[in-house]
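Enquirer: Contents of coords13.pdb (PDB, C-alpha atoms):
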ATOM      1  CA  MET A  64     105.092  93.354 114.105  1.00  0.00           C
ATOM      2  CA  HIS A  65     103.638  96.038 111.852  1.00  0.00           C
ATOM      3  CA  GLN A  66     106.821  98.041 112.375  1.00  0.00           C
ATOM      4  CA  LEU A  67     108.949  95.133 111.093  1.00  0.00           C
ATOM      5  CA  ALA A  68     106.680  94.617 108.089  1.00  0.00           C
ATOM      6  CA  ALA A  69     106.728  98.349 107.322  1.00  0.00           C
ATOM      7  CA  GLN A  70     110.522  98.442 107.580  1.00  0.00           C
ATOM      8  CA  TRP A  71     110.753  95.475 105.229  1.00  0.00           C
ATOM      9  CA  ILE A  72     108.476  96.828 102.482  1.00  0.00           C
ATOM     10  CA  VAL A  73     109.778 100.398 102.740  1.00  0.00           C
ATOM     11  CA  GLY A  74     113.353  99.133 102.540  1.00  0.00           C
ATOM     12  CA  LEU A  75     112.529  96.956  99.543  1.00  0.00           C
ATOM     13  CA  LEU A  76     110.905  99.894  97.725  1.00  0.00           C
ATOM     14  CA  ARG A  77     113.416 102.577  98.664  1.00  0.00           C
ATOM     15  CA  ASP A  78     116.405 100.355  97.792  1.00  0.00           C
ATOM     16  CA  ARG A  79     114.955 100.151  94.273  1.00  0.00           C
ATOM     17  CA  ASN A  80     113.879 103.818  94.074  1.00  0.00           C
ATOM     18  CA  ILE A  81     110.253 102.774  93.631  1.00  0.00           C
ATOM     19  CA  PRO A  82     107.749 105.499  94.535  1.00  0.00           C
ATOM     20  CA  PHE A  83     104.857 104.376  96.714  1.00  0.00           C
ATOM     21  CA  GLN A  84     101.977 105.703  98.759  1.00  0.00           C
ATOM     22  CA  ILE A  85     100.582 104.212 101.928  1.00  0.00           C
ATOM     23  CA  CYS A  86      96.782 104.104 102.036  1.00  0.00           C
ATOM     24  CA  GLY A  87      94.112 102.245 103.995  1.00  0.00           C
ATOM     25  CA  GLY A  88      94.236 101.796 107.758  1.00  0.00           C
ATOM     26  CA  LEU A  89      97.877 102.734 108.238  1.00  0.00           C
ATOM     27  CA  ALA A  90      97.360 106.045 106.432  1.00  0.00           C
ATOM     28  CA  ALA A  91      94.213 106.695 108.457  1.00  0.00           C
ATOM     29  CA  LYS A  92      96.211 105.984 111.619  1.00  0.00           C
ATOM     30  CA  GLY A  93      98.809 108.511 110.450  1.00  0.00           C
ATOM     31  CA  TYR A  94      96.028 111.097 110.173  1.00  0.00           C
ATOM     32  CA  GLY A  95      94.569 110.436 113.612  1.00  0.00           C
ATOM     33  CA  ALA A  96      92.410 107.319 113.414  1.00  0.00           C
ATOM     34  CA  ASP A  97      92.848 105.155 116.491  1.00  0.00           C
ATOM     35  CA  ARG A  98      92.299 101.577 115.449  1.00  0.00           C
ATOM     36  CA  GLU A  99      93.883  98.180 115.204  1.00  0.00           C
ATOM     37  CA  LEU A 100      95.883  97.625 112.063  1.00  0.00           C
ATOM     38  CA  ASN A 101      95.034  94.495 110.111  1.00  0.00           C
ATOM     39  CA  ASP A 102      97.551  94.937 107.315  1.00  0.00           C
ATOM     40  CA  ILE A 103      99.635  97.462 105.406  1.00  0.00           C
ATOM     41  CA  ASP A 104      98.176  98.725 102.115  1.00  0.00           C
ATOM     42  CA  LEU A 105     100.102 100.706  99.534  1.00  0.00           C
ATOM     43  CA  PHE A 106     100.236 101.473  95.845  1.00  0.00           C
ATOM     44  CA  VAL A 107     103.119 101.648  93.396  1.00  0.00           C
ATOM     45  CA  PRO A 108     103.154 102.972  89.811  1.00  0.00           C
ATOM     46  CA  SER A 109     102.330 100.304  87.225  1.00  0.00           C
ATOM     47  CA  GLU A 110     105.803 100.344  85.677  1.00  0.00           C
ATOM     48  CA  HIS A 111     107.262  99.159  89.016  1.00  0.00           C
ATOM     49  CA  PHE A 112     104.657  96.585  89.991  1.00  0.00           C
ATOM     50  CA  ALA A 113     106.408  93.553  88.429  1.00  0.00           C
ATOM     51  CA  ALA A 114     109.707  94.536  90.086  1.00  0.00           C
ATOM     52  CA  VAL A 115     107.991  94.646  93.494  1.00  0.00           C
ATOM     53  CA  VAL A 116     106.462  91.205  92.929  1.00  0.00           C
ATOM     54  CA  GLN A 117     109.850  89.806  91.928  1.00  0.00           C
ATOM     55  CA  ALA A 118     111.763  91.481  94.774  1.00  0.00           C
ATOM     56  CA  GLY A 119     109.370  90.168  97.423  1.00  0.00           C
ATOM     57  CA  GLN A 120     109.002  86.697  95.903  1.00  0.00           C
ATOM     58  CA  ALA A 121     110.083  84.892  99.082  1.00  0.00           C
ATOM     59  CA  TYR A 122     107.225  86.472 101.074  1.00  0.00           C
ATOM     60  CA  ILE A 123     104.306  86.156  98.642  1.00  0.00           C
ATOM     61  CA  SER A 124     101.171  84.801 100.307  1.00  0.00           C
ATOM     62  CA  LYS A 125      98.844  85.559  97.372  1.00  0.00           C
ATOM     63  CA  PRO A 126     100.378  85.929  93.915  1.00  0.00           C
ATOM     64  CA  ALA A 127      99.750  88.964  91.769  1.00  0.00           C
ATOM     65  CA  THR A 128      96.154  88.778  90.651  1.00  0.00           C
ATOM     66  CA  HIS A 129      93.228  90.880  89.555  1.00  0.00           C
ATOM     67  CA  TYR A 130      90.978  91.415  92.564  1.00  0.00           C
ATOM     68  CA  CYS A 131      87.396  92.609  92.292  1.00  0.00           C
ATOM     69  CA  GLU A 132      85.372  92.464  95.513  1.00  0.00           C
ATOM     70  CA  GLU A 133      84.671  94.334  98.740  1.00  0.00           C
ATOM     71  CA  GLY A 134      84.586  97.608  96.822  1.00  0.00           C
ATOM     72  CA  TRP A 135      87.960  97.216  95.111  1.00  0.00           C
ATOM     73  CA  ASP A 136      88.883  96.504  91.502  1.00  0.00           C
ATOM     74  CA  LEU A 137      92.646  96.345  91.100  1.00  0.00           C
ATOM     75  CA  THR A 138      95.690  94.192  90.487  1.00  0.00           C
ATOM     76  CA  TYR A 139      97.618  93.495  93.649  1.00  0.00           C
ATOM     77  CA  VAL A 140     100.027  91.130  95.353  1.00  0.00           C
ATOM     78  CA  GLN A 141      99.925  90.117  98.998  1.00  0.00           C
ATOM     79  CA  PHE A 142     103.041  89.431 101.025  1.00  0.00           C
ATOM     80  CA  MET A 143     103.210  87.992 104.529  1.00  0.00           C
ATOM     81  CA  TYR A 144     106.053  89.380 106.584  1.00  0.00           C
ATOM     82  CA  GLU A 145     106.388  88.616 110.317  1.00  0.00           C
ATOM     83  CA  GLY A 146     102.703  87.656 110.417  1.00  0.00           C
ATOM     84  CA  VAL A 147     101.530  90.923 108.825  1.00  0.00           C
ATOM     85  CA  LYS A 148      99.798  91.122 105.432  1.00  0.00           C
ATOM     86  CA  VAL A 149     101.453  93.678 103.164  1.00  0.00           C
ATOM     87  CA  GLU A 150      99.245  94.371 100.155  1.00  0.00           C
ATOM     88  CA  VAL A 151     100.785  96.211  97.221  1.00  0.00           C
ATOM     89  CA  GLY A 152      98.448  97.462  94.530  1.00  0.00           C
ATOM     90  CA  ASN A 153      99.217  98.435  90.964  1.00  0.00           C
ATOM     91  CA  ALA A 154      97.996 102.033  90.705  1.00  0.00           C
ATOM     92  CA  ASP A 155      97.212 101.695  87.003  1.00  0.00           C
ATOM     93  CA  GLY A 156      93.484 101.254  86.479  1.00  0.00           C
ATOM     94  CA  ALA A 157      92.642 100.791  90.166  1.00  0.00           C
ATOM     95  CA  GLN A 158      88.969 101.471  90.927  1.00  0.00           C
ATOM     96  CA  ILE A 159      86.685 101.550  93.945  1.00  0.00           C
ATOM     97  CA  PHE A 160      82.957 101.003  94.104  1.00  0.00           C
ATOM     98  CA  ASP A 161      80.945 104.122  94.881  1.00  0.00           C
ATOM     99  CA  ALA A 162      78.189 102.864  97.163  1.00  0.00           C
ATOM    100  CA  ALA A 163      76.057 105.989  96.574  1.00  0.00           C
ATOM    101  CA  SER A 164      76.067 105.925  92.774  1.00  0.00           C
ATOM    102  CA  GLN A 165      76.427 102.123  92.498  1.00  0.00           C
ATOM    103  CA  ALA A 166      79.257 102.585  89.996  1.00  0.00           C
ATOM    104  CA  TRP A 167      82.979 101.892  89.769  1.00  0.00           C
ATOM    105  CA  VAL A 168      85.108 105.044  89.908  1.00  0.00           C
ATOM    106  CA  PRO A 169      88.842 105.453  89.309  1.00  0.00           C
ATOM    107  CA  LEU A 170      91.174 105.592  92.268  1.00  0.00           C
ATOM    108  CA  ASN A 171      93.540 108.248  91.026  1.00  0.00           C
ATOM    109  CA  ILE A 172      96.863 107.915  92.829  1.00  0.00           C
ATOM    110  CA  ASP A 173      99.171 110.844  92.069  1.00  0.00           C
ATOM    111  CA  PHE A 174     102.661 109.920  93.258  1.00  0.00           C
ATOM    112  CA  ALA A 175     103.681 113.585  93.251  1.00  0.00           C
ATOM    113  CA  ARG A 176     100.975 114.397  95.848  1.00  0.00           C
ATOM    114  CA  TYR A 177     101.510 112.933  99.311  1.00  0.00           C
ATOM    115  CA  GLU A 178     102.239 113.853 102.893  1.00  0.00           C
ATOM    116  CA  THR A 179     105.224 112.443 104.757  1.00  0.00           C
ATOM    117  CA  VAL A 180     104.265 111.285 108.255  1.00  0.00           C
ATOM    118  CA  ASN A 181     106.457 109.644 110.893  1.00  0.00           C
ATOM    119  CA  LEU A 182     104.740 106.393 111.740  1.00  0.00           C
ATOM    120  CA  LEU A 183     106.021 102.997 112.916  1.00  0.00           C
ATOM    121  CA  GLY A 184     109.471 104.530 113.242  1.00  0.00           C
ATOM    122  CA  LEU A 185     109.604 105.510 109.562  1.00  0.00           C
ATOM    123  CA  ALA A 186     108.968 108.602 107.449  1.00  0.00           C
ATOM    124  CA  LEU A 187     106.132 107.277 105.276  1.00  0.00           C
ATOM    125  CA  PRO A 188     104.545 108.845 102.182  1.00  0.00           C
ATOM    126  CA  LEU A 189     100.808 108.787 102.879  1.00  0.00           C
ATOM    127  CA  ILE A 190      98.066 109.387 100.365  1.00  0.00           C
ATOM    128  CA  LEU A 191      96.805 112.911 101.057  1.00  0.00           C
ATOM    129  CA  SER A 192      94.199 113.008 103.796  1.00  0.00           C
ATOM    130  CA  GLU A 193      91.565 114.587 101.541  1.00  0.00           C
ATOM    131  CA  ASP A 194      92.088 111.819  98.971  1.00  0.00           C
ATOM    132  CA  LEU A 195      91.928 109.168 101.697  1.00  0.00           C
ATOM    133  CA  ILE A 196      88.723 110.674 103.082  1.00  0.00           C
ATOM    134  CA  ARG A 197      87.243 110.802  99.574  1.00  0.00           C
ATOM    135  CA  TYR A 198      87.900 107.156  98.822  1.00  0.00           C
ATOM    136  CA  LYS A 199      86.850 105.969 102.300  1.00  0.00           C
ATOM    137  CA  SER A 200      83.620 107.967 101.876  1.00  0.00           C
ATOM    138  CA  VAL A 201      82.953 106.250  98.576  1.00  0.00           C
ATOM    139  CA  LEU A 202      83.430 102.792 100.117  1.00  0.00           C
ATOM    140  CA  SER A 203      81.087 103.623 103.019  1.00  0.00           C
ATOM    141  CA  ARG A 204      82.111 100.603 105.121  1.00  0.00           C
ATOM    142  CA  PRO A 205      81.772 101.042 108.914  1.00  0.00           C
ATOM    143  CA  VAL A 206      85.542 100.953 109.497  1.00  0.00           C
ATOM    144  CA  ASP A 207      86.025 103.581 106.781  1.00  0.00           C
ATOM    145  CA  ILE A 208      83.362 105.862 108.272  1.00  0.00           C
ATOM    146  CA  ASP A 209      85.048 105.557 111.700  1.00  0.00           C
ATOM    147  CA  ASP A 210      88.384 106.488 110.098  1.00  0.00           C
ATOM    148  CA  ILE A 211      86.819 109.531 108.421  1.00  0.00           C
ATOM    149  CA  HIS A 212      85.373 110.815 111.708  1.00  0.00           C
ATOM    150  CA  ALA A 213      88.707 110.362 113.493  1.00  0.00           C
ATOM    151  CA  MET A 214      90.673 112.095 110.720  1.00  0.00           C
ATOM    152  CA  ARG A 215      88.250 115.008 110.600  1.00  0.00           C
ATOM    153  CA  GLU A 216      88.343 115.399 114.411  1.00  0.00           C
ATOM    154  CA  ARG A 217      92.122 115.587 114.367  1.00  0.00           C
ATOM    155  CA  SER A 218      92.269 118.102 111.514  1.00  0.00           C
ATOM    156  CA  GLY A 219      89.200 120.051 112.672  1.00  0.00           C
TER     157      GLY A 219
END
As a first step, turn the structure in this file into structure tokens.
Expert:
Amino acid sequence: MHQLAAQWIVGLLRDRNIPFQICGGLAAKGYGADRELNDIDLFVPSEHFAAVVQAGQAYISKPATHYCEEGWDLTYVQFMYEGVKVEVGNADGAQIFDAASQAWVPLNIDFARYETVNLLGLALPLILSEDLIRYKSVLSRPVDIDDIHAMRERSG
């Protein structure tokens, strides 16, 4: 089902020439983490966020909203496609909570810096592994630490 959801969101974005970067568990899986996927997380530039919300209107499960919990502070929309949550974040102003310093820090998504990885039958633009490791390290949740170890083992 994740493959169908990925095909849907990638098609929606590519048909509209909207740049995006996959992050979270799917990106970690692309870099060697072996874990169950719960959803598909990605970011788009702020100037395209409203167009994504409008284009996916039929599949919205949570409307575009400001979200601030579980270590995230961002505006996002959640779609449900074939039983899979697809969460699209607005890259403008997105922050994560640094567990070590107990402070919010910017999540700087640079849409010119990514790695293309074949995953779920698609060539997907993933957030760079070093950026993914950095933000997963900041969050310090058990699943993120497991992802970091798996990514480092694969690249090591």
Enquirer: Wanna dump the range 113-162 of chain A-range 68-84 of chain A contacts at 7 Å for me, each residue with its shortest atom pair and the distance in Å to one decimal, counting all atoms listed in the file, ordered by chain and number, as a tab-separated table?
Expert:
residue	atom	partner	partner_atom	distance
A:Tyr144	CA	A:Ala68	CA	5.5
A:Glu145	CA	A:Ala68	CA	6.4
A:Val147	CA	A:Ala68	CA	6.4
Enquirer: How far is it from CA of Ile172 in chain A to CA of Val201 in chain A, in Å with one decimal?
Expert: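 It comes out at 15.1 Å.
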Enquirer: Report the residues retrieved by the PyMOL selection byres ((chain A and resi 189) around 6) from the displayed file, expressed as a list in words.
Expert: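 Expected selection for the PyMOL selection byres ((chain A and resi 189) around 6) here is Gln84, Ile85, Ala90, Tyr177, Glu178, Pro188 and Ile190 of chain A.
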Enquirer: Report as a ChimeraX atom specification the full result of the PyMOL selection byres ((chain A and resi 152) around 7) when it is applied to this structure.
Expert: /A:105-107,137-140,150-151,153-154
Enquirer: Have a look at A:Met214, A:Leu170, A:Met143, A:Leu195 and name the one nearest to Arg98 in chain A; count all atoms listed in the file.
Expert: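 Once distances to Arg98 in chain A are computed over all atoms listed in the file, the minimum belongs to A:Met214.
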Enquirer: Point out the residue among A:Ile196, A:Ala162, A:Val180, A:Ala186 with the least atom-to-atom distance to Gly93 in chain A, counting only C-alpha atoms.
Expert: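 Ranking A:Ile196, A:Ala162, A:Val180, A:Ala186 by distance to Gly93 in chain A, first place goes to A:Val180.
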Enquirer: I'd like the interatomic distance between CA of Asp155 in chain A and CA of Phe112 in chain A, to a tenth of an Å.
Expert: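 It comes out at 9.5 Å.
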Enquirer: Quick one: apply the PyMOL selection byres ((chain A and resi 133) around 10) to the file and drop the selected residues here as a list in words.
Expert: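 For this structure, the PyMOL selection byres ((chain A and resi 133) around 10) resolves to Tyr130, Cys131, Glu132, Gly134, Trp135, Asp136, Ile159, Phe160, Leu202 and Arg204 of chain A.
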Enquirer: Could you please determine the separation between CA of Asn171 in chain A and CA of Arg215 in chain A in Å, to one decimal place?
Expert: 21.4 Å
